file work_27.pdb (PDB, C-alpha atoms)
ATOM      1  CA  MET A  15     116.528 118.643  79.608  1.00  0.00           C
ATOM      2  CA  PRO A  16     117.752 121.712  81.540  1.00  0.00           C
ATOM      3  CA  ASP A  17     121.550 122.042  81.656  1.00  0.00           C
ATOM      4  CA  GLU A  18     121.707 121.755  85.463  1.00  0.00           C
ATOM      5  CA  ILE A  19     120.051 118.307  85.494  1.00  0.00           C
ATOM      6  CA  ALA A  20     122.377 115.450  84.596  1.00  0.00           C
ATOM      7  CA  PRO A  21     121.121 112.981  81.966  1.00  0.00           C
ATOM      8  CA  VAL A  22     121.222 110.156  84.512  1.00  0.00           C
ATOM      9  CA  VAL A  23     118.516 111.972  86.485  1.00  0.00           C
ATOM     10  CA  GLY A  24     116.212 111.528  83.490  1.00  0.00           C
ATOM     11  CA  GLU A  25     117.062 107.828  83.440  1.00  0.00           C
ATOM     12  CA  LEU A  26     116.314 107.566  87.174  1.00  0.00           C
ATOM     13  CA  GLU A  27     112.983 109.355  86.713  1.00  0.00           C
ATOM     14  CA  GLN A  28     111.961 106.920  83.979  1.00  0.00           C
ATOM     15  CA  GLU A  29     113.071 103.851  85.954  1.00  0.00           C
ATOM     16  CA  PHE A  30     111.231 105.035  89.082  1.00  0.00           C
ATOM     17  CA  ALA A  31     108.077 105.635  87.030  1.00  0.00           C
ATOM     18  CA  PHE A  32     108.244 102.117  85.590  1.00  0.00           C
ATOM     19  CA  LEU A  33     109.100 100.628  89.001  1.00  0.00           C
ATOM     20  CA  ALA A  34     106.061 102.295  90.585  1.00  0.00           C
ATOM     21  CA  ARG A  35     103.858 101.003  87.771  1.00  0.00           C
ATOM     22  CA  ALA A  36     105.238  97.460  88.006  1.00  0.00           C
ATOM     23  CA  LEU A  37     104.801  97.392  91.797  1.00  0.00           C
ATOM     24  CA  GLU A  38     101.197  98.555  91.408  1.00  0.00           C
ATOM     25  CA  ALA A  39     100.543  95.785  88.869  1.00  0.00           C
ATOM     26  CA  VAL A  40     102.034  93.127  91.160  1.00  0.00           C
ATOM     27  CA  HIS A  41     100.058  94.529  94.098  1.00  0.00           C
ATOM     28  CA  ARG A  42      96.784  94.107  92.207  1.00  0.00           C
ATOM     29  CA  LYS A  43      97.602  90.489  91.337  1.00  0.00           C
ATOM     30  CA  ARG A  44      98.874  89.331  94.715  1.00  0.00           C
ATOM     31  CA  ALA A  45      96.925  87.192  97.167  1.00  0.00           C
ATOM     32  CA  TYR A  46      98.340  88.273 100.483  1.00  0.00           C
ATOM     33  CA  PRO A  47      96.438  87.736 103.750  1.00  0.00           C
ATOM     34  CA  LEU A  48      96.679  91.430 104.713  1.00  0.00           C
ATOM     35  CA  GLU A  49      96.379  94.865 103.199  1.00  0.00           C
ATOM     36  CA  ARG A  50      99.799  96.467 102.722  1.00  0.00           C
ATOM     37  CA  ALA A  51      99.035  99.166 105.306  1.00  0.00           C
ATOM     38  CA  HIS A  52      98.062  96.569 107.912  1.00  0.00           C
ATOM     39  CA  TYR A  53     101.184  94.552 107.195  1.00  0.00           C
ATOM     40  CA  LEU A  54     103.445  97.575 107.646  1.00  0.00           C
ATOM     41  CA  LEU A  55     101.752  98.502 110.912  1.00  0.00           C
ATOM     42  CA  LEU A  56     102.051  94.944 112.215  1.00  0.00           C
ATOM     43  CA  LEU A  57     105.757  94.969 111.348  1.00  0.00           C
ATOM     44  CA  GLN A  58     106.155  98.114 113.446  1.00  0.00           C
ATOM     45  CA  LEU A  59     104.555  96.279 116.370  1.00  0.00           C
ATOM     46  CA  ARG A  60     106.947  93.300 116.303  1.00  0.00           C
ATOM     47  CA  GLU A  61     109.012  94.672 119.179  1.00  0.00           C
ATOM     48  CA  GLY A  62     105.973  95.407 121.314  1.00  0.00           C
ATOM     49  CA  PRO A  63     103.143  97.892 121.824  1.00  0.00           C
ATOM     50  CA  ARG A  64     103.457 101.443 120.496  1.00  0.00           C
ATOM     51  CA  THR A  65     101.412 104.602 120.472  1.00  0.00           C
ATOM     52  CA  ILE A  66      99.594 105.926 117.418  1.00  0.00           C
ATOM     53  CA  GLY A  67     102.076 108.812 117.384  1.00  0.00           C
ATOM     54  CA  ASP A  68     105.057 106.453 117.338  1.00  0.00           C
ATOM     55  CA  LEU A  69     103.506 104.451 114.509  1.00  0.00           C
ATOM     56  CA  SER A  70     102.698 107.614 112.555  1.00  0.00           C
ATOM     57  CA  THR A  71     106.265 108.845 112.853  1.00  0.00           C
ATOM     58  CA  ALA A  72     107.785 105.491 111.910  1.00  0.00           C
ATOM     59  CA  LEU A  73     105.637 105.225 108.773  1.00  0.00           C
ATOM     60  CA  ALA A  74     105.675 108.938 107.851  1.00  0.00           C
ATOM     61  CA  LEU A  75     101.865 109.124 108.083  1.00  0.00           C
ATOM     62  CA  ASP A  76      99.577 111.475 109.925  1.00  0.00           C
ATOM     63  CA  ASP A  77      97.913 110.330 113.133  1.00  0.00           C
ATOM     64  CA  SER A  78      94.421 110.281 111.605  1.00  0.00           C
ATOM     65  CA  THR A  79      95.507 107.852 108.873  1.00  0.00           C
ATOM     66  CA  VAL A  80      97.073 105.487 111.401  1.00  0.00           C
ATOM     67  CA  THR A  81      94.038 105.816 113.679  1.00  0.00           C
ATOM     68  CA  ARG A  82      91.737 104.756 110.800  1.00  0.00           C
ATOM     69  CA  GLN A  83      93.966 101.813 109.935  1.00  0.00           C
ATOM     70  CA  VAL A  84      94.185 100.711 113.567  1.00  0.00           C
ATOM     71  CA  GLY A  85      90.375 100.937 113.783  1.00  0.00           C
ATOM     72  CA  ALA A  86      90.034  98.590 110.818  1.00  0.00           C
ATOM     73  CA  MET A  87      92.632  96.268 112.327  1.00  0.00           C
ATOM     74  CA  LEU A  88      90.780  96.221 115.654  1.00  0.00           C
ATOM     75  CA  LYS A  89      87.661  95.020 113.843  1.00  0.00           C
ATOM     76  CA  ARG A  90      89.667  92.209 112.227  1.00  0.00           C
ATOM     77  CA  LYS A  91      91.213  91.369 115.614  1.00  0.00           C
ATOM     78  CA  LEU A  92      94.734  91.932 114.274  1.00  0.00           C
ATOM     79  CA  VAL A  93      95.562  94.366 117.091  1.00  0.00           C
ATOM     80  CA  ARG A  94      94.247  95.366 120.468  1.00  0.00           C
ATOM     81  CA  LYS A  95      94.532  98.553 122.501  1.00  0.00           C
ATOM     82  CA  LEU A  96      96.128  98.662 125.925  1.00  0.00           C
ATOM     83  CA  ALA A  97      96.265 101.358 128.572  1.00  0.00           C
ATOM     84  CA  ASN A  98      99.449 103.401 128.283  1.00  0.00           C
ATOM     85  CA  PRO A  99     101.145 103.313 131.693  1.00  0.00           C
ATOM     86  CA  ALA A 100     103.313 106.303 130.723  1.00  0.00           C
ATOM     87  CA  ASP A 101     100.368 108.497 129.667  1.00  0.00           C
ATOM     88  CA  GLY A 102      96.801 107.809 130.745  1.00  0.00           C
ATOM     89  CA  ARG A 103      95.474 110.018 127.937  1.00  0.00           C
ATOM     90  CA  SER A 104      96.736 107.712 125.208  1.00  0.00           C
ATOM     91  CA  ALA A 105      96.615 104.023 124.395  1.00  0.00           C
ATOM     92  CA  LEU A 106      99.152 101.562 123.161  1.00  0.00           C
ATOM     93  CA  VAL A 107      98.503  99.361 120.136  1.00  0.00           C
ATOM     94  CA  GLU A 108      99.620  95.731 120.334  1.00  0.00           C
ATOM     95  CA  ARG A 109      99.543  92.857 117.855  1.00  0.00           C
ATOM     96  CA  THR A 110      97.228  89.980 118.677  1.00  0.00           C
ATOM     97  CA  PRO A 111      98.360  86.397 118.035  1.00  0.00           C
ATOM     98  CA  GLU A 112      96.172  86.464 114.908  1.00  0.00           C
ATOM     99  CA  GLY A 113      97.834  89.688 113.761  1.00  0.00           C
ATOM    100  CA  ALA A 114     101.312  88.279 114.373  1.00  0.00           C
ATOM    101  CA  SER A 115     100.443  85.072 112.518  1.00  0.00           C
ATOM    102  CA  SER A 116      98.962  86.937 109.541  1.00  0.00           C
ATOM    103  CA  ALA A 117     101.988  89.241 109.341  1.00  0.00           C
ATOM    104  CA  GLU A 118     104.363  86.274 109.418  1.00  0.00           C
ATOM    105  CA  GLU A 119     102.355  84.470 106.729  1.00  0.00           C
ATOM    106  CA  MET A 120     102.526  87.557 104.536  1.00  0.00           C
ATOM    107  CA  ARG A 121     106.231  88.093 105.251  1.00  0.00           C
ATOM    108  CA  LEU A 122     107.023  84.531 104.187  1.00  0.00           C
ATOM    109  CA  ALA A 123     104.959  84.867 100.997  1.00  0.00           C
ATOM    110  CA  ARG A 124     106.766  88.107 100.174  1.00  0.00           C
ATOM    111  CA  LEU A 125     110.171  86.568 100.895  1.00  0.00           C
ATOM    112  CA  HIS A 126     109.432  83.651  98.556  1.00  0.00           C
ATOM    113  CA  ARG A 127     108.273  85.977  95.782  1.00  0.00           C
ATOM    114  CA  ILE A 128     111.340  88.192  96.136  1.00  0.00           C
ATOM    115  CA  ALA A 129     113.634  85.141  96.202  1.00  0.00           C
ATOM    116  CA  ARG A 130     112.055  83.890  92.955  1.00  0.00           C
ATOM    117  CA  LEU A 131     112.261  87.306  91.314  1.00  0.00           C
ATOM    118  CA  PHE A 132     115.974  87.683  92.031  1.00  0.00           C
ATOM    119  CA  ALA A 133     117.007  84.001  91.845  1.00  0.00           C
ATOM    120  CA  HIS A 134     119.061  84.618  88.707  1.00  0.00           C
ATOM    121  CA  TRP A 135     121.002  87.479  90.317  1.00  0.00           C
ATOM    122  CA  SER A 136     124.303  86.838  92.040  1.00  0.00           C
ATOM    123  CA  GLU A 137     124.444  87.149  95.813  1.00  0.00           C
ATOM    124  CA  THR A 138     126.733  90.160  95.355  1.00  0.00           C
ATOM    125  CA  ASP A 139     124.201  91.890  93.085  1.00  0.00           C
ATOM    126  CA  ARG A 140     121.326  91.164  95.473  1.00  0.00           C
ATOM    127  CA  GLN A 141     123.359  92.543  98.381  1.00  0.00           C
ATOM    128  CA  CYS A 142     124.256  95.644  96.372  1.00  0.00           C
ATOM    129  CA  LEU A 143     120.595  96.203  95.487  1.00  0.00           C
ATOM    130  CA  ALA A 144     119.564  95.803  99.137  1.00  0.00           C
ATOM    131  CA  GLU A 145     122.161  98.376 100.204  1.00  0.00           C
ATOM    132  CA  MET A 146     121.184 100.814  97.456  1.00  0.00           C
ATOM    133  CA  LEU A 147     117.469 100.452  98.259  1.00  0.00           C
ATOM    134  CA  ALA A 148     118.249 101.112 101.924  1.00  0.00           C
ATOM    135  CA  ARG A 149     119.982 104.328 100.851  1.00  0.00           C
ATOM    136  CA  VAL A 150     117.058 105.285  98.606  1.00  0.00           C
ATOM    137  CA  ASN A 151     114.578 104.654 101.428  1.00  0.00           C
ATOM    138  CA  ALA A 152     116.649 106.658 103.925  1.00  0.00           C
ATOM    139  CA  ASP A 153     116.934 109.559 101.484  1.00  0.00           C
ATOM    140  CA  LEU A 154     113.214 109.408 100.653  1.00  0.00           C
ATOM    141  CA  SER A 155     112.386 109.420 104.359  1.00  0.00           C
ATOM    142  CA  ALA A 156     114.608 112.436 104.999  1.00  0.00           C
ATOM    143  CA  TYR A 157     113.241 114.204 101.928  1.00  0.00           C
ATOM    144  CA  SER A 158     109.659 113.506 102.950  1.00  0.00           C
ATOM    145  CA  SER A 159     110.308 114.794 106.468  1.00  0.00           C
ATOM    146  CA  ALA A 160     111.759 118.011 105.063  1.00  0.00           C
ATOM    147  CA  ILE A 161     108.673 118.805 102.959  1.00  0.00           C
ATOM    148  CA  GLU A 162     106.458 121.049 105.040  1.00  0.00           C
ATOM    149  CA  GLU A 163     103.599 121.694 102.645  1.00  0.00           C
ATOM    150  CA  PRO A 164     101.947 119.659  99.871  1.00  0.00           C
ATOM    151  CA  GLY A 165     103.567 120.384  96.550  1.00  0.00           C
ATOM    152  CA  GLY A 166     106.884 121.348  98.149  1.00  0.00           C
ATOM    153  CA  ALA A 167     110.143 120.793  96.282  1.00  0.00           C
TER     154      ALA A 167
END
call {"tool": "encode", "arguments": {"input": "work_27.pdb", "output": "structure tokens"}}
result
Amino acid sequence: MPDEIAPVVGELEQEFAFLARALEAVHRKRAYPLERAHYLLLLQLREGPRTIGDLSTALALDDSTVTRQVGAMLKRKLVRKLANPADGRSALVERTPEGASSAEEMRLARLHRIARLFAHWSETDRQCLAEMLARVNADLSAYSSAIEEPGGA
């Protein structure tokens, strides 16, 4: 390992690789009512209608990806489009009652699975993990925003 990289960075790299693999394995075995992408979009719509651009920014995706996902969700009647009173050229995306219900069903299933997974951890350890994951997610978001081209550092 190069001298400038601390040994713990190698440990982190290995743990992240195994975490990604384990999450993929669980994802394949789960029986959730929604695709992960649809769930995340529906969570973003909990507070009310938003534009495609707002959703793209919140999820660090490009507009075309969100537009495709919203199109699929429209077909499943999970969302509907509304006129945007602030900008007639764009639309707002809103959850339907079916979309809200499906998102809540999935959220509860996820909460139960996470509770079971960490049942043997102390409350202090679970809280510490939640805080550390929040830091990781914030740093990943900032890092992702700073990358301007594919393959950037």
call {"tool": "resolve_selection", "arguments": {"input": "work_27.pdb", "expression": "the PyMOL selection byres ((chain A and resi 97) around 12)", "output": "list in words"}}
result
Pro63, Arg64, Thr65, Arg94, Lys95, Leu96, Asn98, Pro99, Ala100, Asp101, Gly102, Arg103, Ser104, Ala105, Leu106, Val107 and Glu108 of chain A
call {"tool": "residues_around", "arguments": {"input": "work_27.pdb", "residues": "Ser115 in chain A", "least_positions_apart": "3", "cutoff": "12 Å", "atoms": "only C-alpha atoms", "output": "PyMOL selection string"}}
result
chain A and resi 47-48+53+56-57+60+91-93+109-112+118-122
call {"tool": "atom_distance", "arguments": {"input": "work_27.pdb", "atom1": "CA of Ala74 in chain A", "atom2": "CA of Phe30 in chain A"}}
result
20.0 Å
call {"tool": "resolve_selection", "arguments": {"input": "work_27.pdb", "expression": "the PyMOL selection byres ((chain A and resi 55) around 9)", "output": "list in words"}}
result
Arg50, Ala51, His52, Tyr53, Leu54, Leu56, Leu57, Gln58, Leu59, Leu69, Leu73, Val80, Gln83 and Val84 of chain A
call {"tool": "write_last_selection", "arguments": {"input": "work_27.pdb", "atoms": "C-alpha atoms", "output": "PDB file, in the frame of the given file"}}
result
ATOM      1  CA  ARG A  50      99.799  96.467 102.722  1.00  0.00           C
ATOM      2  CA  ALA A  51      99.035  99.166 105.306  1.00  0.00           C
ATOM      3  CA  HIS A  52      98.062  96.569 107.912  1.00  0.00           C
ATOM      4  CA  TYR A  53     101.184  94.552 107.195  1.00  0.00           C
ATOM      5  CA  LEU A  54     103.445  97.575 107.646  1.00  0.00           C
ATOM      6  CA  LEU A  56     102.051  94.944 112.215  1.00  0.00           C
ATOM      7  CA  LEU A  57     105.757  94.969 111.348  1.00  0.00           C
ATOM      8  CA  GLN A  58     106.155  98.114 113.446  1.00  0.00           C
ATOM      9  CA  LEU A  59     104.555  96.279 116.370  1.00  0.00           C
ATOM     10  CA  LEU A  69     103.506 104.451 114.509  1.00  0.00           C
ATOM     11  CA  LEU A  73     105.637 105.225 108.773  1.00  0.00           C
ATOM     12  CA  VAL A  80      97.073 105.487 111.401  1.00  0.00           C
ATOM     13  CA  GLN A  83      93.966 101.813 109.935  1.00  0.00           C
ATOM     14  CA  VAL A  84      94.185 100.711 113.567  1.00  0.00           C
TER      15      VAL A  84
END
call {"tool": "atom_distance", "arguments": {"input": "work_27.pdb", "atom1": "CA of Ala45 in chain A", "atom2": "CA of Ala86 in chain A"}}
result
19.1 Å
call {"tool": "atom_distance", "arguments": {"input": "work_27.pdb", "atom1": "CA of Gly62 in chain A", "atom2": "CA of Ala114 in chain A"}}
result
11.0 Å
call {"tool": "decode", "arguments": {"input": "work_27.pdb", "residues": "range 87-151 of chain A", "atoms": "C-alpha atoms", "output": "PDB file, in the first residue's frame"}}
result
ATOM      1  CA  MET A  87     -44.405   5.392 -11.888  1.00  0.00           C
ATOM      2  CA  LEU A  88     -47.140   7.209 -13.816  1.00  0.00           C
ATOM      3  CA  LYS A  89     -48.024   3.940 -15.543  1.00  0.00           C
ATOM      4  CA  ARG A  90     -48.287   2.208 -12.156  1.00  0.00           C
ATOM      5  CA  LYS A  91     -50.375   5.117 -10.834  1.00  0.00           C
ATOM      6  CA  LEU A  92     -47.876   5.788  -8.039  1.00  0.00           C
ATOM      7  CA  VAL A  93     -47.573   9.464  -9.010  1.00  0.00           C
ATOM      8  CA  ARG A  94     -49.404  12.027 -11.063  1.00  0.00           C
ATOM      9  CA  LYS A  95     -48.293  15.210 -12.795  1.00  0.00           C
ATOM     10  CA  LEU A  96     -49.717  18.607 -11.947  1.00  0.00           C
ATOM     11  CA  ALA A  97     -49.379  21.984 -13.614  1.00  0.00           C
ATOM     12  CA  ASN A  98     -46.600  24.022 -12.027  1.00  0.00           C
ATOM     13  CA  PRO A  99     -48.117  27.359 -10.989  1.00  0.00           C
ATOM     14  CA  ALA A 100     -44.628  28.880 -10.675  1.00  0.00           C
ATOM     15  CA  ASP A 101     -43.517  27.842 -14.181  1.00  0.00           C
ATOM     16  CA  GLY A 102     -45.961  26.889 -16.914  1.00  0.00           C
ATOM     17  CA  ARG A 103     -43.182  25.156 -18.864  1.00  0.00           C
ATOM     18  CA  SER A 104     -42.684  22.476 -16.232  1.00  0.00           C
ATOM     19  CA  ALA A 105     -44.832  20.086 -14.243  1.00  0.00           C
ATOM     20  CA  LEU A 106     -44.887  19.036 -10.650  1.00  0.00           C
ATOM     21  CA  VAL A 107     -44.833  15.379  -9.630  1.00  0.00           C
ATOM     22  CA  GLU A 108     -47.102  14.321  -6.767  1.00  0.00           C
ATOM     23  CA  ARG A 109     -47.645  11.019  -4.975  1.00  0.00           C
ATOM     24  CA  THR A 110     -51.018   9.374  -5.454  1.00  0.00           C
ATOM     25  CA  PRO A 111     -52.737   7.687  -2.499  1.00  0.00           C
ATOM     26  CA  GLU A 112     -51.587   4.358  -3.971  1.00  0.00           C
ATOM     27  CA  GLY A 113     -48.011   5.638  -4.183  1.00  0.00           C
ATOM     28  CA  ALA A 114     -48.105   6.911  -0.602  1.00  0.00           C
ATOM     29  CA  SER A 115     -49.551   3.615   0.632  1.00  0.00           C
ATOM     30  CA  SER A 116     -46.968   1.528  -1.238  1.00  0.00           C
ATOM     31  CA  ALA A 117     -44.118   3.691   0.065  1.00  0.00           C
ATOM     32  CA  GLU A 118     -45.386   3.368   3.634  1.00  0.00           C
ATOM     33  CA  GLU A 119     -45.754  -0.407   3.266  1.00  0.00           C
ATOM     34  CA  MET A 120     -42.183  -0.629   2.014  1.00  0.00           C
ATOM     35  CA  ARG A 121     -40.885   1.717   4.724  1.00  0.00           C
ATOM     36  CA  LEU A 122     -42.457  -0.433   7.436  1.00  0.00           C
ATOM     37  CA  ALA A 123     -41.035  -3.635   5.930  1.00  0.00           C
ATOM     38  CA  ARG A 124     -37.591  -2.034   5.790  1.00  0.00           C
ATOM     39  CA  LEU A 125     -37.869  -0.765   9.367  1.00  0.00           C
ATOM     40  CA  HIS A 126     -38.770  -4.252  10.613  1.00  0.00           C
ATOM     41  CA  ARG A 127     -35.867  -5.834   8.737  1.00  0.00           C
ATOM     42  CA  ILE A 128     -33.402  -3.260  10.054  1.00  0.00           C
ATOM     43  CA  ALA A 129     -34.752  -3.665  13.602  1.00  0.00           C
ATOM     44  CA  ARG A 130     -34.235  -7.443  13.362  1.00  0.00           C
ATOM     45  CA  LEU A 131     -30.754  -7.066  11.895  1.00  0.00           C
ATOM     46  CA  PHE A 132     -29.568  -4.788  14.696  1.00  0.00           C
ATOM     47  CA  ALA A 133     -31.671  -6.206  17.565  1.00  0.00           C
ATOM     48  CA  HIS A 134     -28.575  -7.528  19.331  1.00  0.00           C
ATOM     49  CA  TRP A 135     -26.831  -4.139  19.207  1.00  0.00           C
ATOM     50  CA  SER A 136     -27.125  -1.713  22.089  1.00  0.00           C
ATOM     51  CA  GLU A 137     -29.150   1.446  21.573  1.00  0.00           C
ATOM     52  CA  THR A 138     -25.914   3.428  21.912  1.00  0.00           C
ATOM     53  CA  ASP A 139     -24.239   1.396  19.151  1.00  0.00           C
ATOM     54  CA  ARG A 140     -27.255   1.739  16.852  1.00  0.00           C
ATOM     55  CA  GLN A 141     -27.310   5.499  17.443  1.00  0.00           C
ATOM     56  CA  CYS A 142     -23.576   5.729  16.766  1.00  0.00           C
ATOM     57  CA  LEU A 143     -23.982   3.773  13.525  1.00  0.00           C
ATOM     58  CA  ALA A 144     -26.862   6.022  12.430  1.00  0.00           C
ATOM     59  CA  GLU A 145     -24.750   9.124  13.074  1.00  0.00           C
ATOM     60  CA  MET A 146     -21.717   7.690  11.285  1.00  0.00           C
ATOM     61  CA  LEU A 147     -23.819   6.610   8.286  1.00  0.00           C
ATOM     62  CA  ALA A 148     -25.299  10.111   8.128  1.00  0.00           C
ATOM     63  CA  ARG A 149     -21.748  11.475   7.970  1.00  0.00           C
ATOM     64  CA  VAL A 150     -20.776   8.943   5.295  1.00  0.00           C
ATOM     65  CA  ASN A 151     -23.845   9.834   3.221  1.00  0.00           C
TER      66      ASN A 151
END
